[in-house]
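S.K.: Structure provided below as structure tokens; questions to follow.
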Amino acid sequence: MCSDLEDIIAKCQKGDRRAGEQLYKMFSPKMFALCIQYSSSREEAEDNLQDGFIKVLESIGQYSGKGSFEGWMKRIFINISLEKFRKNRLVQTVDEMPDVADEEEDEGGIDIPSEVLYEFVRQLPDRYRLVFNMYVVEGLQHKDIAARLGITEGTSKSNLARAKEILRKKIKEYLENE
Amino acid sequence: MSDSVDKIFRKALEEVTVEPPARVWEAIDAHFALKQRRQRRLFWYGGVAAAAALLLAIGLVVRNGASETRPPVPLAASGAKTICLENNEVASIMSRTSSIPAFKRRGTATRRVAPMENGEAIVLAVAGKTVDDGLREGRREVSIPLVNGEALRNQREYVRLLREEAMAARGEAAEKPKRTRTEAMEKPAGEEKEKAEIKPERTRRAPESREEGRFSVGGYVSPGYTSGSYHQANTNSRSTQFSDEQMSGLFNVTGGVNFSVRPTKRISIETGIGYSRVGQKTDNMTVYAPTVTMSNSDKEVEASNVRVATPLGNVRSKAQAAVYTMDANIALKDADMPEGSIEQQFDAIEIPLLFRYRLNDNRVRFSLMGGFGASFMVRNETTLTYDGVSESMGETEGIRKFNISTNVGIGVEYPITKAISFRMEPGFKYYLQSLSKDGDIKFKPYTFTFSTGIGISF
């Protein structure tokens with residue numbers, strides 16, 4: 001952790017609002033992108049960003065300095081976003097479907113800009129996007145995903161499979177149009 | 001999809017940043033500014049409550065000190081009315097009044113309005129490159145102060161209608177928003193245009209806690225009726241016997257200040273400091289004076305040694321009725337004499353701890369409350385009333401200085417302004433221990449109260 005960030009965190013722990021603003025400017029673009037990935041709309045993402053930063057600044061005293069500060073923040077934002085999802089009952093159980101085997105075609109080395117891939121994921125239906133983010137980006141196992149979303153492991157697996165299937169089609173269409 | 005593609009997505013999602021609109025930080029900043037103001041108010045109101053409690057305590061001490069130090073007045077010098085009883089018994093009656101301090105709190109209503117912002121575009125940026133995401137919104141044409149969810153919905157509908165009118169007036173000549181590469185690929189232009197047109201202006205959500213203060217302070221005055229469950233065992237040891245039939249309750253007025261915090265929407269925890277009174281009145285009684293020391297031949301009795309048996313314990317009497325008694329007892333009522341009574345009052349500083357559950361969210365709010373009160377006895381007085389005139393006898397001995405009571409009640413709250421409300425709370429308080437430390441005397445006071453007061457939330 002760079003000394004600037006350590007200094008800002010220390011000031012935030014003392015209740016310095018200006019330091020809080022600095023922290024916000026430093027991390028809000030990344031956290032907003034994260035919130036969008038875990039929210040059903042941009043408005044909800046803004047709400048989650050607001051609630052998340054309030055929680056970060058209110059509980060920053062609990063951050064011990066061990067581990068990544070960004071990782072600590074991300075957990076707060078993800079938890080708030082998931083809580084909102086569960087509260088709004090947007091995470092619904094869907095009919096389970098058998099695992100779709102990964103196609104063996106070689107998709108490595110594709111040259112698609114990050115913002116395009118980001119938009120592909122963002123356009124996924126909520127339940128597919130959540131599972132995809134948690135599995136692919138956060139590296140959670142289906143058991144953990146199922147527990148956190150209140151769904152079965154089978155549903156988590158089928159949602160991931162459907163998400164990948166949709167993304168695969170989008171990539172294919174994109175490459176054909178290029 | 002292979003692991004390598006998973007990695008590509010993971011990398012893409014981790015490196016993408018999206019600049020949030022400025023209104024998000026404004027709302028966060030407003031939240032902390034409000035919190036800071038609350039803390040200042042809490043400090044201020046807490047100070048006022050502490051000062052009021054201190055003044056109350058000082059007033060009580062001064063008042064009680066005055067009554068306790070009053071020496072017995074010789075009959076001849078006092079000019080008091082004297083009543084001759086049979087067999088050389090004399091009762092001297094002096095009038096005495098008492099009052100309870102009242103509280104009055106003033107507060108200032110604070111009107112809270114949710115912050116307003118202009119609509120702002122959300123810009124997608126990767127590695128320093130900014131891309132318009134096609135959702136850029138126009139500036140706000142109108143602004144309506146928002147106070148609740150209904151107002152927010154109304155505003156959104158209002159803005160939508162205004163935009164539709166404006167579009168109609170321009171003949172659908174609205175500028176088509178710039179589309180990103182991705183969106184141009186994914187969405188038909190007409191669909192996107194429709195979405196952009198009908199999307200209402202968004203106002204930053206106000207922090208939830210701004211809707212209603214989490215803290216409140218208040219003052220109350222509580223008229224009530226107090227009595228107690230009485231049982232006396234082993235009557236021979238005290239050489240006296242009293243029955244429930246002789247006893248009745250007392251009407252009184254108490255008051256205090258309270259402070260509450262609301263950790264959740266419906267539950268609040270309340271404490272404070274108050275002045276309370278319990279006691280009872282015994283009619284048709286005979287006053288016993290079992291210990292009498294003659295100090296001279298004029299039948300004067302040394303006051304400090306005279307103890308009068310009362311229902312709640314012995315009283316080291318200062319009353320002339322007992323002091324100038326030759327025999328062991330005084331019949332305050334017999335066939336020839338008017339009725340007499342003894343009134344025993346015990347005043348305490350009470351610190352309650354109450355839990356309140358709000359039953360509804362209407363304008364008039366009802367709540368159920370329950371909890372405990374810790375009472376520290378500050379005044380203990382027995383008053384002899386005879387022929388319509390009262391005389392202080394002194395303190396009842398063997399009374400607990402610290403007591404715990406259980407309190408239950410129903411709260412009714414009516415808002416006067418956004419921050420100030422009028423409160424009415426019928427309640428019931430019951431002491432968990434006998435007031436007397438004497439094992440033979442069981443007296444557990446109870447009180448019916450009707451508390452009325454003002455609450456200020458912030």
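Chain labels run A, B, ... following the order of the structure tokens; each chain numbers its residues from 1, and ligands are numbered from 1 in the order shown.
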Counting only C-alpha atoms, which residues of chain A come no farther than 7 Å from chain B, as a PyMOL selection string?

M.R.: chain A and resi 28-30+32-33+46-47+50+54+102-103+107-108+114-119+136-137+164

S.K.: Report as a short mmCIF file (atom, residue, chain, number, x, y, z; two decimals) with N, CA and C atoms, in the first residue's frame all protein, DNA and RNA residues lying within 10 Å of stretch 394-405 of chain B, evaluated on only C-alpha atoms, omitting residues in the same chain fewer than 6 positions from it.

M.R.:
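Full text of selection_6.cif as output:
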data_model
loop_
_atom_site.label_atom_id
_atom_site.label_comp_id
_atom_site.auth_asym_id
_atom_site.auth_seq_id
_atom_site.Cartn_x
_atom_site.Cartn_y
_atom_site.Cartn_z
N SER B 67 -37.26 21.05 54.99
CA SER B 67 -38.29 20.36 55.76
C SER B 67 -37.68 19.49 56.86
N GLU B 68 -36.48 18.95 56.59
CA GLU B 68 -35.90 18.06 57.57
C GLU B 68 -35.33 18.79 58.77
N ARG B 70 -36.49 21.48 60.15
CA ARG B 70 -37.44 22.26 60.94
C ARG B 70 -37.58 21.65 62.33
N ARG B 307 -40.85 7.25 68.78
CA ARG B 307 -41.08 6.54 67.53
C ARG B 307 -42.55 6.15 67.44
N VAL B 308 -43.13 6.51 66.33
CA VAL B 308 -44.54 6.23 66.14
C VAL B 308 -44.66 5.09 65.14
N ALA B 309 -45.44 4.10 65.48
CA ALA B 309 -45.63 2.97 64.57
C ALA B 309 -46.62 3.36 63.48
N THR B 310 -46.19 3.22 62.24
CA THR B 310 -47.08 3.48 61.09
C THR B 310 -47.11 2.22 60.23
N PRO B 311 -48.01 2.16 59.27
CA PRO B 311 -48.10 0.92 58.46
C PRO B 311 -46.79 0.56 57.78
N LEU B 312 -46.02 1.53 57.33
CA LEU B 312 -44.83 1.22 56.55
C LEU B 312 -43.56 1.23 57.39
N GLY B 313 -43.68 1.37 58.71
CA GLY B 313 -42.51 1.37 59.57
C GLY B 313 -42.64 2.44 60.65
N ASN B 314 -41.67 2.45 61.53
CA ASN B 314 -41.73 3.44 62.60
C ASN B 314 -41.25 4.79 62.11
N VAL B 315 -41.81 5.84 62.69
CA VAL B 315 -41.41 7.21 62.37
C VAL B 315 -40.86 7.85 63.63
N ARG B 316 -39.62 8.37 63.48
CA ARG B 316 -39.07 9.14 64.62
C ARG B 316 -39.76 10.50 64.54
N SER B 317 -40.76 10.65 65.32
CA SER B 317 -41.70 11.74 65.09
C SER B 317 -41.22 13.09 65.59
N LYS B 318 -41.46 14.11 64.79
CA LYS B 318 -41.25 15.48 65.20
C LYS B 318 -42.59 16.15 65.48
N ALA B 319 -43.64 15.39 65.25
CA ALA B 319 -44.95 15.99 65.35
C ALA B 319 -45.33 16.26 66.80
N GLN B 344 -47.99 8.84 53.84
CA GLN B 344 -46.55 8.57 53.72
C GLN B 344 -46.13 8.69 52.27
N GLN B 345 -45.20 9.60 52.03
CA GLN B 345 -44.76 9.86 50.66
C GLN B 345 -43.27 9.55 50.54
N PHE B 346 -42.92 8.96 49.40
CA PHE B 346 -41.51 8.64 49.13
C PHE B 346 -41.19 9.13 47.72
N ALA B 348 -38.51 10.04 44.65
CA ALA B 348 -37.25 9.47 44.16
C ALA B 348 -36.85 10.11 42.83
N ILE B 349 -35.56 10.12 42.61
CA ILE B 349 -35.03 10.43 41.29
C ILE B 349 -34.97 9.10 40.55
N GLU B 350 -35.64 9.06 39.42
CA GLU B 350 -35.75 7.79 38.71
C GLU B 350 -35.04 7.85 37.36
N ILE B 351 -34.27 6.83 37.09
CA ILE B 351 -33.61 6.71 35.78
C ILE B 351 -34.21 5.48 35.09
N PRO B 352 -35.04 5.71 34.09
CA PRO B 352 -35.69 4.57 33.43
C PRO B 352 -34.85 4.02 32.28
N GLY B 371 -40.16 -1.66 30.29
CA GLY B 371 -38.77 -1.58 30.74
C GLY B 371 -38.68 -1.50 32.25
N PHE B 372 -37.61 -0.92 32.70
CA PHE B 372 -37.34 -0.86 34.13
C PHE B 372 -36.96 0.56 34.55
N GLY B 373 -37.11 0.80 35.82
CA GLY B 373 -36.70 2.10 36.36
C GLY B 373 -35.90 1.89 37.63
N ALA B 374 -34.80 2.62 37.73
CA ALA B 374 -34.00 2.59 38.96
C ALA B 374 -34.30 3.86 39.75
N SER B 375 -34.77 3.70 40.97
CA SER B 375 -35.19 4.85 41.76
C SER B 375 -34.26 5.06 42.95
N PHE B 376 -33.81 6.28 43.10
CA PHE B 376 -32.95 6.65 44.23
C PHE B 376 -33.77 7.58 45.14
N MET B 377 -34.06 7.09 46.32
CA MET B 377 -34.94 7.83 47.23
C MET B 377 -34.30 9.15 47.66
N VAL B 378 -35.02 10.23 47.48
CA VAL B 378 -34.49 11.54 47.89
C VAL B 378 -35.37 12.23 48.92
N ARG B 379 -36.54 11.73 49.14
CA ARG B 379 -37.43 12.36 50.13
C ARG B 379 -38.32 11.28 50.75
N ASN B 380 -38.44 11.36 52.03
CA ASN B 380 -39.20 10.35 52.78
C ASN B 380 -39.93 11.11 53.87
N GLU B 381 -41.21 11.23 53.70
CA GLU B 381 -41.93 12.09 54.65
C GLU B 381 -43.28 11.49 55.05
N THR B 382 -43.53 11.57 56.32
CA THR B 382 -44.82 11.13 56.85
C THR B 382 -45.55 12.35 57.41
N THR B 383 -46.76 12.50 56.97
CA THR B 383 -47.53 13.68 57.35
C THR B 383 -48.79 13.24 58.10
N LEU B 384 -48.97 13.87 59.21
CA LEU B 384 -50.17 13.60 60.02
C LEU B 384 -51.23 14.63 59.65
N LYS B 429 -46.63 1.40 36.65
CA LYS B 429 -45.31 1.11 37.22
C LYS B 429 -45.50 0.29 38.50
N TYR B 430 -44.69 -0.74 38.63
CA TYR B 430 -44.83 -1.61 39.79
C TYR B 430 -43.45 -1.88 40.39
N TYR B 431 -43.31 -1.65 41.69
CA TYR B 431 -42.02 -1.89 42.34
C TYR B 431 -41.81 -3.39 42.54
N LEU B 432 -40.60 -3.83 42.24
CA LEU B 432 -40.33 -5.26 42.32
C LEU B 432 -39.99 -5.72 43.73
N GLN B 433 -39.63 -4.77 44.61
CA GLN B 433 -39.28 -5.13 45.98
C GLN B 433 -40.21 -4.39 46.94
N SER B 434 -40.28 -4.91 48.14
CA SER B 434 -41.00 -4.17 49.16
C SER B 434 -40.24 -2.91 49.49
N LEU B 435 -40.99 -1.84 49.69
CA LEU B 435 -40.34 -0.56 49.99
C LEU B 435 -39.65 -0.61 51.36
N SER B 436 -40.20 -1.41 52.25
CA SER B 436 -39.64 -1.50 53.59
C SER B 436 -38.62 -2.63 53.68
N LYS B 437 -37.55 -2.35 54.40
CA LYS B 437 -36.55 -3.40 54.62
C LYS B 437 -36.97 -4.36 55.73
N ASP B 438 -38.00 -3.99 56.50
CA ASP B 438 -38.51 -4.82 57.58
C ASP B 438 -39.18 -6.06 56.98
N LYS B 444 -45.43 -3.15 48.27
CA LYS B 444 -44.90 -2.94 46.92
C LYS B 444 -45.76 -1.87 46.24
N PRO B 445 -45.21 -0.69 46.07
CA PRO B 445 -46.01 0.39 45.49
C PRO B 445 -46.27 0.16 44.00
N TYR B 446 -47.38 0.68 43.54
CA TYR B 446 -47.65 0.74 42.10
C TYR B 446 -48.23 2.10 41.78
#

S.K.: Identify which of the residues B:Gln280, B:Ser216, B:Thr226, B:Ser367 lies closest to B:Met247, counting only C-alpha atoms when measuring atom-to-atom distances.

M.R.: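 Of B:Gln280, B:Ser216, B:Thr226, B:Ser367, the one nearest B:Met247, counting only C-alpha atoms, is B:Gln280.
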
S.K.: Distance atom CA of A:Ile60-atom CA of B:Ile269, one decimal place?

M.R.: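 Rounded to one decimal, the two atoms are 26.6 Å apart.
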
S.K.: Return as an NGL selection string the full set of residues in chain A whose backbone-based DSSP assignment is helix (DSSP H, G or I).

M.R.: :A and (3-13 or 17-37 or 42-58 or 60-62 or 69-87 or 114-122 or 126-137 or 142-149 or 153-177)

S.K.: What is the distance, in Å and to one decimal place, between atom CA of A:Pro113 and atom CA of A:Arg168?

M.R.: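 So the two atoms, atom CA of A:Pro113 and atom CA of A:Arg168, lie 15.3 Å apart.
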
S.K.: Skip A:Gly52 itself and residues of its chain fewer than 3 positions away, then list as a ChimeraX atom specification all residues within 7 Å of it, counting only C-alpha atoms.

M.R.: /A:48-49,55-56,76-77,80
